[in-house]
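S.K.: File my_file.cif below, mmCIF, C-alpha atoms; chains and numbers go by the auth columns:
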```
data_input
loop_
_atom_site.group_PDB
_atom_site.id
_atom_site.type_symbol
_atom_site.label_atom_id
_atom_site.label_comp_id
_atom_site.label_asym_id
_atom_site.label_seq_id
_atom_site.Cartn_x
_atom_site.Cartn_y
_atom_site.Cartn_z
_atom_site.B_iso_or_equiv
_atom_site.auth_seq_id
_atom_site.auth_asym_id
ATOM 1 C CA MET A 1 -39.539 6.716 10.247 0.00 21 A
ATOM 2 C CA THR A 2 -38.301 4.161 12.763 0.00 22 A
ATOM 3 C CA THR A 3 -40.750 2.082 14.713 0.00 23 A
ATOM 4 C CA PRO A 4 -40.134 2.224 18.476 0.00 24 A
ATOM 5 C CA VAL A 5 -39.593 -1.073 20.259 0.00 25 A
ATOM 6 C CA THR A 6 -40.150 -1.952 23.904 0.00 26 A
ATOM 7 C CA PRO A 7 -36.953 -2.484 25.906 0.00 27 A
ATOM 8 C CA ASP A 8 -36.628 -5.655 28.003 0.00 28 A
ATOM 9 C CA THR A 9 -35.427 -5.796 31.606 0.00 29 A
ATOM 10 C CA LEU A 10 -33.198 -8.734 32.527 0.00 30 A
ATOM 11 C CA THR A 11 -32.234 -10.100 35.925 0.00 31 A
ATOM 12 C CA VAL A 12 -28.582 -10.584 36.809 0.00 32 A
ATOM 13 C CA ALA A 13 -28.913 -14.343 36.276 0.00 33 A
ATOM 14 C CA GLN A 14 -30.484 -13.872 32.831 0.00 34 A
ATOM 15 C CA ALA A 15 -27.823 -11.355 31.780 0.00 35 A
ATOM 16 C CA ALA A 16 -24.942 -13.439 33.149 0.00 36 A
ATOM 17 C CA ALA A 17 -26.127 -16.504 31.241 0.00 37 A
ATOM 18 C CA ARG A 18 -26.074 -14.576 27.946 0.00 38 A
ATOM 19 C CA LEU A 19 -23.277 -12.059 28.625 0.00 39 A
ATOM 20 C CA ASP A 20 -21.056 -13.331 25.785 0.00 40 A
ATOM 21 C CA GLY A 21 -23.857 -12.643 23.302 0.00 41 A
ATOM 22 C CA PHE A 22 -24.372 -9.012 24.326 0.00 42 A
ATOM 23 C CA THR A 23 -22.761 -5.742 23.400 0.00 43 A
ATOM 24 C CA VAL A 24 -22.810 -4.142 26.850 0.00 44 A
ATOM 25 C CA ILE A 25 -23.179 -0.352 27.002 0.00 45 A
ATOM 26 C CA ASP A 26 -22.479 1.265 30.382 0.00 46 A
ATOM 27 C CA VAL A 27 -24.157 4.691 30.576 0.00 47 A
ATOM 28 C CA ARG A 28 -22.567 5.856 33.834 0.00 48 A
ATOM 29 C CA THR A 29 -20.014 8.657 33.980 0.00 49 A
ATOM 30 C CA PRO A 30 -16.463 7.714 32.951 0.00 50 A
ATOM 31 C CA ALA A 31 -15.313 7.942 36.583 0.00 51 A
ATOM 32 C CA GLU A 32 -18.047 5.549 37.727 0.00 52 A
ATOM 33 C CA TYR A 33 -17.233 3.221 34.826 0.00 53 A
ATOM 34 C CA ALA A 34 -13.548 3.207 35.828 0.00 54 A
ATOM 35 C CA THR A 35 -14.399 1.983 39.338 0.00 55 A
ATOM 36 C CA GLY A 36 -15.736 -1.291 37.907 0.00 56 A
ATOM 37 C CA HIS A 37 -18.024 -2.408 35.086 0.00 57 A
ATOM 38 C CA LEU A 38 -19.450 -5.540 33.512 0.00 58 A
ATOM 39 C CA PRO A 39 -16.876 -7.504 31.520 0.00 59 A
ATOM 40 C CA GLY A 40 -16.512 -6.120 28.001 0.00 60 A
ATOM 41 C CA ALA A 41 -18.738 -3.092 28.639 0.00 61 A
ATOM 42 C CA VAL A 42 -18.288 0.014 26.497 0.00 62 A
ATOM 43 C CA ASN A 43 -18.726 3.387 28.231 0.00 63 A
ATOM 44 C CA VAL A 44 -21.208 5.746 26.557 0.00 64 A
ATOM 45 C CA PRO A 45 -22.397 8.221 29.231 0.00 65 A
ATOM 46 C CA LEU A 46 -26.135 8.848 29.333 0.00 66 A
ATOM 47 C CA ASP A 47 -25.747 12.397 28.018 0.00 67 A
ATOM 48 C CA GLN A 48 -23.974 11.011 24.921 0.00 68 A
ATOM 49 C CA VAL A 49 -26.410 8.211 23.997 0.00 69 A
ATOM 50 C CA LYS A 50 -28.261 10.237 21.338 0.00 70 A
ATOM 51 C CA ARG A 51 -24.948 11.190 19.726 0.00 71 A
ATOM 52 C CA ALA A 52 -23.896 7.533 19.696 0.00 72 A
ATOM 53 C CA LEU A 53 -27.148 6.177 18.170 0.00 73 A
ATOM 54 C CA PRO A 54 -25.616 5.419 14.726 0.00 74 A
ATOM 55 C CA GLU A 55 -22.847 3.333 16.335 0.00 75 A
ATOM 56 C CA ILE A 56 -25.294 1.706 18.752 0.00 76 A
ATOM 57 C CA ARG A 57 -27.460 0.753 15.751 0.00 77 A
ATOM 58 C CA GLN A 58 -24.391 -0.841 14.091 0.00 78 A
ATOM 59 C CA ALA A 59 -23.611 -2.826 17.253 0.00 79 A
ATOM 60 C CA ALA A 60 -27.239 -3.996 17.451 0.00 80 A
ATOM 61 C CA GLY A 61 -26.898 -5.311 13.897 0.00 81 A
ATOM 62 C CA ARG A 62 -24.231 -7.725 15.146 0.00 82 A
ATOM 63 C CA GLY A 63 -26.074 -8.915 18.262 0.00 83 A
ATOM 64 C CA ASP A 64 -28.185 -8.036 21.274 0.00 84 A
ATOM 65 C CA LEU A 65 -27.593 -4.904 23.361 0.00 85 A
ATOM 66 C CA LEU A 66 -27.520 -4.740 27.157 0.00 86 A
ATOM 67 C CA VAL A 67 -27.565 -1.265 28.712 0.00 87 A
ATOM 68 C CA VAL A 68 -26.337 -0.899 32.311 0.00 88 A
ATOM 69 C CA CYS A 69 -25.722 1.788 34.930 0.00 89 A
ATOM 70 C CA ALA A 70 -25.290 1.766 38.702 0.00 90 A
ATOM 71 C CA SER A 71 -28.847 0.917 39.787 0.00 91 A
ATOM 72 C CA GLY A 72 -30.907 0.612 36.607 0.00 92 A
ATOM 73 C CA ALA A 73 -32.529 4.072 36.445 0.00 93 A
ATOM 74 C CA ARG A 74 -30.145 5.665 33.925 0.00 94 A
ATOM 75 C CA SER A 75 -29.940 2.488 31.848 0.00 95 A
ATOM 76 C CA GLU A 76 -33.729 2.343 31.693 0.00 96 A
ATOM 77 C CA LYS A 77 -33.772 5.913 30.380 0.00 97 A
ATOM 78 C CA ALA A 78 -30.989 5.141 27.865 0.00 98 A
ATOM 79 C CA SER A 79 -32.617 1.933 26.624 0.00 99 A
ATOM 80 C CA GLY A 80 -35.845 3.898 26.195 0.00 100 A
ATOM 81 C CA THR A 81 -33.997 6.424 24.012 0.00 101 A
ATOM 82 C CA ILE A 82 -32.413 3.601 22.026 0.00 102 A
ATOM 83 C CA ALA A 83 -35.741 1.749 21.677 0.00 103 A
ATOM 84 C CA ALA A 84 -37.472 4.942 20.519 0.00 104 A
ATOM 85 C CA ALA A 85 -34.992 4.940 17.616 0.00 105 A
ATOM 86 C CA GLY A 86 -36.185 1.444 16.687 0.00 106 A
ATOM 87 C CA VAL A 87 -33.193 -0.399 18.138 0.00 107 A
ATOM 88 C CA PRO A 88 -33.996 -3.217 20.571 0.00 108 A
ATOM 89 C CA ALA A 89 -32.051 -3.043 23.839 0.00 109 A
ATOM 90 C CA ALA A 90 -32.354 -4.693 27.232 0.00 110 A
ATOM 91 C CA THR A 91 -31.498 -3.164 30.583 0.00 111 A
ATOM 92 C CA LEU A 92 -30.068 -4.846 33.664 0.00 112 A
ATOM 93 C CA ALA A 93 -32.403 -4.731 36.673 0.00 113 A
ATOM 94 C CA GLY A 94 -30.476 -3.254 39.586 0.00 114 A
ATOM 95 C CA GLY A 95 -27.494 -2.326 37.409 0.00 115 A
ATOM 96 C CA THR A 96 -23.874 -2.959 38.313 0.00 116 A
ATOM 97 C CA ASN A 97 -24.772 -2.745 42.017 0.00 117 A
ATOM 98 C CA ALA A 98 -26.993 -5.832 41.677 0.00 118 A
ATOM 99 C CA TRP A 99 -24.395 -7.496 39.423 0.00 119 A
ATOM 100 C CA ALA A 100 -21.680 -7.128 42.063 0.00 120 A
ATOM 101 C CA ALA A 101 -24.052 -7.998 44.943 0.00 121 A
ATOM 102 C CA GLU A 102 -24.785 -11.343 43.289 0.00 122 A
ATOM 103 C CA GLY A 103 -21.063 -12.143 43.132 0.00 123 A
ATOM 104 C CA GLN A 104 -20.538 -11.461 39.434 0.00 124 A
ATOM 105 C CA ASN A 105 -17.143 -10.201 38.270 0.00 125 A
ATOM 106 C CA LEU A 106 -16.455 -6.530 37.518 0.00 126 A
ATOM 107 C CA GLU A 107 -13.607 -5.329 35.292 0.00 127 A
ATOM 108 C CA ARG A 108 -11.494 -2.396 36.454 0.00 128 A
ATOM 109 C CA PRO A 109 -9.470 -0.897 33.612 0.00 129 A
ATOM 110 C CA ALA A 110 -5.811 -0.278 34.448 0.00 130 A
ATOM 111 C CA ALA A 111 -5.480 2.482 31.841 0.00 131 A
ATOM 112 C CA CYS A 112 -8.145 4.702 33.415 0.00 132 A
ATOM 113 C CA ASP A 113 -7.790 6.973 36.389 0.00 133 A
ATOM 114 C CA THR A 114 -9.256 4.687 39.051 0.00 134 A
ATOM 115 C CA ARG A 115 -9.147 6.927 42.110 0.00 135 A
ATOM 116 C CA ALA A 116 -12.112 6.368 44.382 0.00 136 A
ATOM 117 C CA VAL A 117 -15.185 8.167 43.046 0.00 137 A
ATOM 118 C CA TRP A 118 -18.605 8.036 44.640 0.00 138 A
ATOM 119 C CA GLY A 119 -21.494 6.778 42.559 0.00 139 A
ATOM 120 C CA MET A 120 -23.690 9.461 41.020 0.00 140 A
ATOM 121 C CA GLU A 121 -26.636 8.778 43.336 0.00 141 A
ATOM 122 C CA ARG A 122 -24.388 9.195 46.371 0.00 142 A
ATOM 123 C CA GLN A 123 -22.951 12.440 44.939 0.00 143 A
ATOM 124 C CA VAL A 124 -26.479 13.794 44.396 0.00 144 A
ATOM 125 C CA ARG A 125 -27.571 12.879 47.939 0.00 145 A
ATOM 126 C CA PHE A 126 -24.441 14.505 49.409 0.00 146 A
ATOM 127 C CA THR A 127 -24.792 17.684 47.337 0.00 147 A
ATOM 128 C CA ALA A 128 -28.525 18.042 48.011 0.00 148 A
ATOM 129 C CA GLY A 129 -28.075 17.437 51.736 0.00 149 A
ATOM 130 C CA THR A 130 -25.197 19.909 51.927 0.00 150 A
ATOM 131 C CA LEU A 131 -27.192 22.608 50.140 0.00 151 A
ATOM 132 C CA VAL A 132 -30.231 22.070 52.377 0.00 152 A
ATOM 133 C CA LEU A 133 -28.090 22.322 55.528 0.00 153 A
ATOM 134 C CA LEU A 134 -26.287 25.364 54.137 0.00 154 A
ATOM 135 C CA GLY A 135 -29.603 27.095 53.440 0.00 155 A
ATOM 136 C CA LEU A 136 -30.870 26.364 56.954 0.00 156 A
ATOM 137 C CA VAL A 137 -27.654 27.485 58.700 0.00 157 A
ATOM 138 C CA LEU A 138 -27.354 30.655 56.617 0.00 158 A
ATOM 139 C CA GLY A 139 -31.051 31.299 57.211 0.00 159 A
ATOM 140 C CA LEU A 140 -30.503 31.162 60.981 0.00 160 A
ATOM 141 C CA LEU A 141 -27.176 33.012 61.120 0.00 161 A
ATOM 142 C CA VAL A 142 -27.279 35.498 58.227 0.00 162 A
ATOM 143 C CA HIS A 143 -30.743 36.165 56.838 0.00 163 A
ATOM 144 C CA PRO A 144 -34.001 34.140 56.748 0.00 164 A
ATOM 145 C CA ALA A 145 -34.141 34.456 52.942 0.00 165 A
ATOM 146 C CA PHE A 146 -31.343 31.864 52.695 0.00 166 A
ATOM 147 C CA GLN A 147 -33.914 29.256 53.721 0.00 167 A
ATOM 148 C CA LEU A 148 -35.244 29.596 50.174 0.00 168 A
ATOM 149 C CA LEU A 149 -32.155 27.622 49.078 0.00 169 A
ATOM 150 C CA SER A 150 -33.389 24.668 51.149 0.00 170 A
ATOM 151 C CA ALA A 151 -36.883 25.070 49.714 0.00 171 A
ATOM 152 C CA ALA A 152 -35.505 25.168 46.154 0.00 172 A
ATOM 153 C CA ILE A 153 -33.536 21.950 46.687 0.00 173 A
ATOM 154 C CA ALA A 154 -36.616 20.259 48.182 0.00 174 A
ATOM 155 C CA GLY A 155 -38.677 21.373 45.188 0.00 175 A
ATOM 156 C CA GLY A 156 -35.980 20.074 42.840 0.00 176 A
ATOM 157 C CA LEU A 157 -36.009 16.683 44.557 0.00 177 A
ATOM 158 C CA VAL A 158 -39.807 16.448 44.245 0.00 178 A
ATOM 159 C CA PHE A 159 -39.609 17.440 40.565 0.00 179 A
ATOM 160 C CA SER A 160 -36.825 14.879 40.052 0.00 180 A
ATOM 161 C CA ALA A 161 -38.956 12.112 41.562 0.00 181 A
ATOM 162 C CA LEU A 162 -42.065 13.059 39.574 0.00 182 A
ATOM 163 C CA THR A 163 -40.273 13.280 36.229 0.00 183 A
ATOM 164 C CA ASP A 164 -37.647 10.569 36.842 0.00 184 A
ATOM 165 C CA THR A 165 -34.950 13.030 35.783 0.00 185 A
ATOM 166 C CA CYS A 166 -32.130 14.579 37.762 0.00 186 A
ATOM 167 C CA GLY A 167 -30.682 17.904 36.714 0.00 187 A
ATOM 168 C CA MET A 168 -28.221 17.802 39.611 0.00 188 A
ATOM 169 C CA ALA A 169 -26.812 14.485 38.348 0.00 189 A
ATOM 170 C CA VAL A 170 -26.365 15.988 34.882 0.00 190 A
ATOM 171 C CA VAL A 171 -24.443 18.942 36.336 0.00 191 A
ATOM 172 C CA LEU A 172 -22.350 16.745 38.650 0.00 192 A
ATOM 173 C CA GLY A 173 -21.571 14.398 35.743 0.00 193 A
ATOM 174 C CA LYS A 174 -19.827 17.260 33.938 0.00 194 A
ATOM 175 C CA LEU A 175 -17.442 18.014 36.820 0.00 195 A
ATOM 176 C CA PRO A 176 -13.775 17.113 36.232 0.00 196 A
ATOM 177 C CA HIS A 177 -13.689 14.361 38.871 0.00 197 A
ATOM 178 C CA ASN A 178 -16.450 12.555 36.952 0.00 198 A
ATOM 179 C CA ARG A 179 -14.574 12.832 33.638 0.00 199 A
ATOM 180 C CA PRO A 180 -11.152 11.290 34.341 0.00 200 A
ATOM 181 C CA ARG A 181 -8.290 11.449 31.897 0.00 201 A
ATOM 182 C CA GLY A 182 -7.725 8.270 29.905 0.00 202 A
ATOM 183 C CA THR A 183 -11.310 7.810 28.793 0.00 203 A
ATOM 184 C CA ASN A 184 -12.887 9.029 25.588 0.00 204 A
ATOM 185 C CA LEU A 185 -16.134 8.684 23.758 0.00 205 A
ATOM 186 C CA GLU A 186 -14.443 8.239 20.387 0.00 206 A
ATOM 187 C CA GLY A 187 -12.826 4.988 21.568 0.00 207 A
ATOM 188 C CA ALA A 188 -16.203 3.707 22.752 0.00 208 A
ATOM 189 C CA LEU A 189 -17.828 4.647 19.432 0.00 209 A
ATOM 190 C CA ALA A 190 -15.088 2.854 17.523 0.00 210 A
ATOM 191 C CA ALA A 191 -15.688 -0.249 19.641 0.00 211 A
ATOM 192 C CA LEU A 192 -19.417 -0.084 18.900 0.00 212 A
ATOM 193 C CA ARG A 193 -18.686 0.236 15.177 0.00 213 A
ATOM 194 C CA GLY A 194 -16.644 -2.942 15.453 0.00 214 A
ATOM 195 C CA ASN A 195 -13.296 -1.288 14.686 0.00 215 A
#
```
What does this structure look like when you write it as structure tokens?

M.R.:
Amino acid sequence: MTTPVTPDTLTVAQAAARLDGFTVIDVRTPAEYATGHLPGAVNVPLDQVKRALPEIRQAAGRGDLLVVCASGARSEKASGTIAAAGVPAATLAGGTNAWAAEGQNLERPAACDTRAVWGMERQVRFTAGTLVLLGLVLGLLVHPAFQLLSAAIAGGLVFSALTDTCGMAVVLGKLPHNRPRGTNLEGALAALRGN
């Protein structure tokens, strides 16, 4: 049985000072990753972290791990999963948003489909807002029962905040625009294995 470890949280300055010593794992969707990521980062989407644990363990054997996402919430969840498997990992406070805001460089891969894609948090806010408005409009124009759609979305947002999970983000992450051609998990796993 593996002994869980406690993940560390690093500031941008701390991470930047040690960036060459880290294996950086970006847990955003491939489309978000393609819009810009920390130099040398390997893309392992959050929903694939458990599958990638053997390769992540191998990478940790060669050096420290830094897990990043857009704002730090998904990377905190991923580093918790990794730490529960007994593998030490740090997360970047504020994620790539904080990294870029502090003037640090982001890589943008030429081989990936780099069309403009909104960040996952923005996609969730847009989708939730659209569904709430749709429920209210349909409730006024068609039948009052459509207002239950707005109530369901509100309940989902409260549940999301209480549990620090987001089912809508998981569903949106599986849409084709969030999984561009030119990216693959197998390439990321090979990089983590050191191939």

S.K.: Give as a ChimeraX atom specification the residues that the PyMOL selection byres ((chain A and resi 94-106) around 10) matches when applied to the coordinates above.

M.R.: /A:21-29,45-48,64-70,72-74,76-77,85-93,107-115,184-186

S.K.: For the provided coordinates, the residues matched by the PyMOL selection byres ((chain A and resi 147) around 12) should be stated as a list in words.

M.R.: Trp138, Met140, Glu141, Arg142, Gln143, Val144, Arg145, Phe146, Ala148, Gly149, Thr150, Leu151, Val152, Leu153, Leu154, Ser170, Ile173, Leu177, Met188, Ala189, Val191 and Leu192 of chain A

S.K.: Tell me, in Å to one decimal, how far atom CA of Glu52 of chain A is from atom CA of Ala33 of chain A.

M.R.: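 One can read the atom CA of Glu52 of chain A to atom CA of Ala33 of chain A distance as 22.7 Å.
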
S.K.: Could you check which residues have any atom within 8 Å of (-21.5, -2.8, 16.8), counting only C-alpha atoms with coordinates taken straight from the file, and then list them as a list in words?

M.R.: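 Within the cut-off we find Thr43, Glu75, Ile76, Arg77, Gln78, Ala79, Ala80, Gly81, Arg82, Gly83, Ala211, Leu212, Arg213 and Gly214 of chain A.
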
S.K.: Distance atom CA of Gly41 of chain A-atom CA of Ala61 of chain A, one decimal place?

M.R.: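 Distance reported for this atom pair: 12.1 Å.
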
S.K.: Rounded to one decimal in Å, what is the spacing between atom CA of Ala210 of chain A and atom CA of Pro50 of chain A?

M.R.: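 About the pair atom CA of Ala210 of chain A and atom CA of Pro50 of chain A: they are 16.2 Å apart.
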
S.K.: Could you spell out the hits of the PyMOL selection byres ((chain A and resi 120) around 12) on the shown file, as a VMD selection string?

M.R.: chain A and resid 32 to 33 36 55 to 59 90 to 91 114 to 119 121 to 127

S.K.: Take the residues from that selection and write them out as a compact mmCIF listing (two decimals), in the frame of the given file, keeping C-alpha atoms.

M.R.:
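Here's the written file selection_2.txt:
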```txt
# COMPACT_ATOMS: atom_id res chain seq x y z
CA VAL A 32 -28.58 -10.58 36.81
CA ALA A 33 -28.91 -14.34 36.28
CA ALA A 36 -24.94 -13.44 33.15
CA THR A 55 -14.40 1.98 39.34
CA GLY A 56 -15.74 -1.29 37.91
CA HIS A 57 -18.02 -2.41 35.09
CA LEU A 58 -19.45 -5.54 33.51
CA PRO A 59 -16.88 -7.50 31.52
CA ALA A 90 -25.29 1.77 38.70
CA SER A 91 -28.85 0.92 39.79
CA GLY A 114 -30.48 -3.25 39.59
CA GLY A 115 -27.49 -2.33 37.41
CA THR A 116 -23.87 -2.96 38.31
CA ASN A 117 -24.77 -2.74 42.02
CA ALA A 118 -26.99 -5.83 41.68
CA TRP A 119 -24.40 -7.50 39.42
CA ALA A 121 -24.05 -8.00 44.94
CA GLU A 122 -24.78 -11.34 43.29
CA GLY A 123 -21.06 -12.14 43.13
CA GLN A 124 -20.54 -11.46 39.43
CA ASN A 125 -17.14 -10.20 38.27
CA LEU A 126 -16.45 -6.53 37.52
CA GLU A 127 -13.61 -5.33 35.29
```

S.K.: Please give the centre and size of the box around segment 180-183 of chain A (axis-aligned, containing every atom listed in the file, 4 Å added per side), with values in Å to one decimal and written as lines of an AutoDock Vina configuration file.

M.R.:
```
center_x = -39.4
center_y = 13.5
center_z = 38.9
size_x = 13.2
size_y = 10.8
size_z = 13.3
```

S.K.: Nearest to Asp84 of chain A: which of A:Glu206, A:Asn63, A:Tyr53, A:Asp40 is it, counting only C-alpha atoms?

M.R.: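 With only C-alpha atoms as the atom set, the closest residue is A:Asp40.
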